[in-house]
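Beneath this line is the structure, given in structure tokens, with notes to follow.
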Amino acid sequence: MKKYFLGAAMLVMGIVCLTSCGGDDEGSGNTINITDKDGNTVQVRKAGAVTFLYDNFNNFDGFMFNGNSYHLDTDNTLTFSYYDLFSGSDARYLTNQFMIKINDRGLVSTTEFAVQFIISEDDEEEEYRINGKMVYGYNSGKQVTGMSAMVRTEQITREGGVKVGDKVGQLDIRHTATWKNGLLTDFEAKEKSSWTNSEQKDGRWEDWGWNEEKTTNGMVSYGSETNTAKQLPATLCDLAFYNLCIPMFGPICLYGPGPTHLPTSCTVYEKETASNGQVETDEETYTFHFTKNSDGTIASEWLDDDDPVQYQYSITRAIDDEQAQHMIVGLMRFLKLKLNIED
């Protein structure tokens, strides 16, 4: 059940796909510029099946995926739904909403989600209710340095319309990432989870519960390949931040700039301790693969034997502050003329 809990509650954050992050310089509005080797400001237009949207001033405005468009609102919040999270067409969704808040530094500050769905088979029905919130932290260089998450999940089982089981879980994660000399070198996640289970047997309800603690440590290795545009690779984002992020937002700087060099591998160590004292450990090493464009941006990336995710870029044509001011003055003159507005 523990593995399902993580899969249903946390891996959901990687649903929208993978994707590219530039220098520390801010663009206009809430966007951090991505700069190629020649100093041109570029934008990631596509990452696999995801198309990124920008406004007239080339600020990030949302994305398109699976035929749907999602835009930032006036409060810099991106709200979207996705209906193929856990069980495909077998699920009947009652609630499905993700809300991502972007702060005035152009970085993701919080992610909240609420998902409720029902899976029915013959006379048995299982209802899942999952709610969570992630909070992200950054250093003065806008590099992401940590995340925390609180997630609650409930699984209700019914037979013939009658409730026969109820499992409630709580998950608390505290994550930190370490940056040295422009590189994300290591990370650690401490996780506490607990469950209470009520099940009806022979007309009587039986209750029990359990809890687990888990520590995940990762060490990232780098080679000599420079990361010219300082993009945060989606693959590194996904591994290092413990599925507490949306990987596609890494390369477009919504989690800040990436390392100065491209990673070559990452070794992850896990230690899990159950309430009965039983300890399980695991170690796995992942290999990063990249291709680069002639301007130094990432052309594609993948982990191990996964399929590559391809990126498409464009050079921006954003107007400068002087041009913007000229447009505003012209607009005000137009309004005064048409509406007879007095100074």
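Residues are named by chain letter and number: chains run A, B, ... in the order of the structure tokens, numbers start at 1 in each chain, and ligands are numbered from 1 in the order shown.
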With the cut-off set at 9 Å and counting only C-alpha atoms, tabulate each residue of region 225-274 of chain A with an atom at most that distance from an atom of region 108-122 of chain A, showing the nearest atom pair and its distance in Å to one decimal, ordered by chain and increasing number, as JSON lines.
```
{"residue": "A:Cys245", "atom": "CA", "partner": "A:Thr111", "partner_atom": "CA", "distance": 8.4}
{"residue": "A:Phe249", "atom": "CA", "partner": "A:Val108", "partner_atom": "CA", "distance": 8.8}
{"residue": "A:Leu254", "atom": "CA", "partner": "A:Val108", "partner_atom": "CA", "distance": 5.7}
{"residue": "A:Tyr255", "atom": "CA", "partner": "A:Val108", "partner_atom": "CA", "distance": 6.1}
{"residue": "A:Gly256", "atom": "CA", "partner": "A:Val108", "partner_atom": "CA", "distance": 8.7}
```
DSSP strand (DSSP E) residues within region 135-306 of chain A, listed as a PyMOL selection string: chain A and resi 135-138+144-159+162-180+183-201+204-226+261-274+279-292+298-303
Hey, could you make a per-residue contact list for region 162-205 of chain A against region 234-243 of chain A with 8 Å as the cut-off, showing the nearest pair of atoms and its distance in Å to one decimal, counting only C-alpha atoms, sorted by chain and number, as JSON lines?
```
{"residue": "A:His175", "atom": "CA", "partner": "A:Phe241", "partner_atom": "CA", "distance": 7.4}
{"residue": "A:Ala177", "atom": "CA", "partner": "A:Ala240", "partner_atom": "CA", "distance": 7.6}
{"residue": "A:Asp186", "atom": "CA", "partner": "A:Ala240", "partner_atom": "CA", "distance": 7.8}
{"residue": "A:Phe187", "atom": "CA", "partner": "A:Ala240", "partner_atom": "CA", "distance": 6.3}
{"residue": "A:Ala189", "atom": "CA", "partner": "A:Tyr242", "partner_atom": "CA", "distance": 7.3}
```
With N, CA, C and O atoms retained, could you export that selection as a PDB file, in the first residue's frame?
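Output (part-v1.pdb):
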```pdb
ATOM      1  N   HIS A 175      12.513  18.100   2.085  1.00  0.00           N
ATOM      2  CA  HIS A 175      13.552  17.859   1.095  1.00  0.00           C
ATOM      3  C   HIS A 175      14.523  19.034   1.056  1.00  0.00           C
ATOM      4  O   HIS A 175      14.113  20.198   1.138  1.00  0.00           O
ATOM      5  N   ALA A 177      18.217  20.445  -1.084  1.00  0.00           N
ATOM      6  CA  ALA A 177      19.172  20.268  -2.173  1.00  0.00           C
ATOM      7  C   ALA A 177      20.370  21.173  -1.922  1.00  0.00           C
ATOM      8  O   ALA A 177      20.219  22.315  -1.485  1.00  0.00           O
ATOM      9  N   ASP A 186      24.143  17.291  -4.293  1.00  0.00           N
ATOM     10  CA  ASP A 186      23.477  16.222  -3.547  1.00  0.00           C
ATOM     11  C   ASP A 186      22.137  16.706  -3.016  1.00  0.00           C
ATOM     12  O   ASP A 186      21.845  17.910  -2.987  1.00  0.00           O
ATOM     13  N   PHE A 187      21.325  15.768  -2.592  1.00  0.00           N
ATOM     14  CA  PHE A 187      20.001  16.083  -2.062  1.00  0.00           C
ATOM     15  C   PHE A 187      19.592  15.036  -1.040  1.00  0.00           C
ATOM     16  O   PHE A 187      20.127  13.930  -1.006  1.00  0.00           O
ATOM     17  N   ALA A 189      15.906  13.672   1.171  1.00  0.00           N
ATOM     18  CA  ALA A 189      14.479  13.765   1.456  1.00  0.00           C
ATOM     19  C   ALA A 189      14.160  12.873   2.646  1.00  0.00           C
ATOM     20  O   ALA A 189      14.525  11.694   2.660  1.00  0.00           O
TER      21      ALA A 189
END
```
I'd like the neighbourhood of Leu78 (chain A) as a count of residues only, where a residue qualifies if any of its atoms comes within 10 Å (using only C-alpha atoms), though same-chain residues fewer than 5 positions away should be ignored. 13
Using DSSP on the backbone coordinates, identify all residues within region 190-324 of chain A classified as helix (DSSP H, G or I); present the result as a VMD selection string. chain A and resid 234 to 240 247 to 249 321 to 324
Could you write out that same residue set with all heavy atoms as a short mmCIF file (atom, residue, chain, number, x, y, z; two decimals), in the first residue's frame?
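Printed below is part.cif as written:
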```cif
data_model
loop_
_atom_site.label_atom_id
_atom_site.label_comp_id
_atom_site.auth_asym_id
_atom_site.auth_seq_id
_atom_site.Cartn_x
_atom_site.Cartn_y
_atom_site.Cartn_z
N ALA A 234 15.07 18.42 -17.14
CA ALA A 234 13.87 17.80 -16.58
C ALA A 234 14.20 16.49 -15.89
O ALA A 234 13.60 16.15 -14.87
CB ALA A 234 12.85 17.59 -17.68
N THR A 235 15.16 15.73 -16.44
CA THR A 235 15.53 14.45 -15.83
C THR A 235 16.16 14.66 -14.46
O THR A 235 15.86 13.94 -13.50
CB THR A 235 16.52 13.71 -16.75
OG1 THR A 235 17.54 14.63 -17.18
CG2 THR A 235 15.81 13.15 -17.97
N LEU A 236 17.04 15.65 -14.32
CA LEU A 236 17.65 15.96 -13.03
C LEU A 236 16.61 16.50 -12.06
O LEU A 236 16.61 16.16 -10.88
CB LEU A 236 18.78 16.97 -13.22
CG LEU A 236 19.48 17.45 -11.94
CD1 LEU A 236 20.11 16.29 -11.20
CD2 LEU A 236 20.52 18.52 -12.26
N CYS A 237 15.74 17.34 -12.57
CA CYS A 237 14.66 17.90 -11.75
C CYS A 237 13.82 16.79 -11.15
O CYS A 237 13.51 16.78 -9.95
CB CYS A 237 13.81 18.83 -12.60
SG CYS A 237 12.55 19.75 -11.71
N ASP A 238 13.47 15.81 -11.97
CA ASP A 238 12.62 14.71 -11.54
C ASP A 238 13.30 13.85 -10.48
O ASP A 238 12.70 13.47 -9.48
CB ASP A 238 12.22 13.87 -12.76
CG ASP A 238 11.04 12.96 -12.47
OD1 ASP A 238 10.24 13.29 -11.58
OD2 ASP A 238 10.92 11.92 -13.13
N LEU A 239 14.57 13.53 -10.70
CA LEU A 239 15.32 12.69 -9.76
C LEU A 239 15.64 13.43 -8.46
O LEU A 239 15.37 12.94 -7.36
CB LEU A 239 16.62 12.21 -10.39
CG LEU A 239 16.60 10.91 -11.21
CD1 LEU A 239 18.00 10.61 -11.71
CD2 LEU A 239 16.07 9.76 -10.39
N ALA A 240 16.25 14.60 -8.59
CA ALA A 240 16.78 15.29 -7.43
C ALA A 240 15.69 15.83 -6.51
O ALA A 240 15.90 15.90 -5.30
CB ALA A 240 17.68 16.45 -7.87
N PRO A 247 8.44 18.09 -13.83
CA PRO A 247 9.72 18.15 -14.54
C PRO A 247 9.76 19.13 -15.70
O PRO A 247 10.78 19.77 -15.92
CB PRO A 247 9.90 16.70 -15.03
CG PRO A 247 9.16 15.88 -14.04
CD PRO A 247 7.96 16.71 -13.67
N MET A 248 8.64 19.27 -16.43
CA MET A 248 8.67 20.13 -17.62
C MET A 248 8.92 21.59 -17.26
O MET A 248 9.33 22.39 -18.10
CB MET A 248 7.36 20.02 -18.38
CG MET A 248 6.19 20.72 -17.73
SD MET A 248 4.79 20.86 -18.85
CE MET A 248 3.73 21.96 -17.93
N PHE A 249 8.70 21.97 -15.99
CA PHE A 249 8.91 23.36 -15.59
C PHE A 249 10.37 23.66 -15.26
O PHE A 249 10.73 24.82 -15.12
CB PHE A 249 8.04 23.70 -14.38
CG PHE A 249 6.58 23.86 -14.70
CD1 PHE A 249 5.62 23.84 -13.70
CD2 PHE A 249 6.16 24.03 -16.01
CE1 PHE A 249 4.27 23.99 -14.00
CE2 PHE A 249 4.83 24.18 -16.32
CZ PHE A 249 3.87 24.16 -15.31
N ASP A 321 11.99 48.31 -22.68
CA ASP A 321 11.20 49.19 -21.81
C ASP A 321 10.82 50.49 -22.51
O ASP A 321 9.73 51.02 -22.34
CB ASP A 321 11.98 49.50 -20.53
CG ASP A 321 12.13 48.27 -19.65
OD1 ASP A 321 11.34 47.33 -19.84
OD2 ASP A 321 13.02 48.26 -18.79
N GLU A 322 11.76 51.04 -23.31
CA GLU A 322 11.49 52.31 -23.99
C GLU A 322 10.35 52.13 -25.01
O GLU A 322 9.46 52.97 -25.11
CB GLU A 322 12.75 52.80 -24.70
CG GLU A 322 12.58 54.15 -25.37
CD GLU A 322 13.86 54.65 -26.00
OE1 GLU A 322 14.92 54.02 -25.76
OE2 GLU A 322 13.81 55.65 -26.74
N GLN A 323 10.39 50.99 -25.74
CA GLN A 323 9.31 50.74 -26.70
C GLN A 323 7.98 50.54 -25.99
O GLN A 323 6.94 50.99 -26.45
CB GLN A 323 9.66 49.49 -27.52
CG GLN A 323 10.81 49.69 -28.49
CD GLN A 323 11.21 48.39 -29.15
OE1 GLN A 323 11.39 47.37 -28.48
NE2 GLN A 323 11.35 48.41 -30.46
N ALA A 324 8.03 49.85 -24.86
CA ALA A 324 6.80 49.61 -24.11
C ALA A 324 6.21 50.93 -23.62
O ALA A 324 4.99 51.15 -23.69
CB ALA A 324 7.09 48.68 -22.93
#
```
9 Å contact set for Leu171 (chain A), only C-alpha atoms, chain neighbours under 3 positions out, as an MDAnalysis selection string: chainID A and resid 5:6 149:153 191:194
Taking only C-alpha atoms into account, which of A:Asp75, A:Tyr138, A:Phe288, A:Leu53 comes nearest Asp307 (chain A)?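 Looking at the shortest contact to Asp307 (chain A), the residue is A:Phe288.
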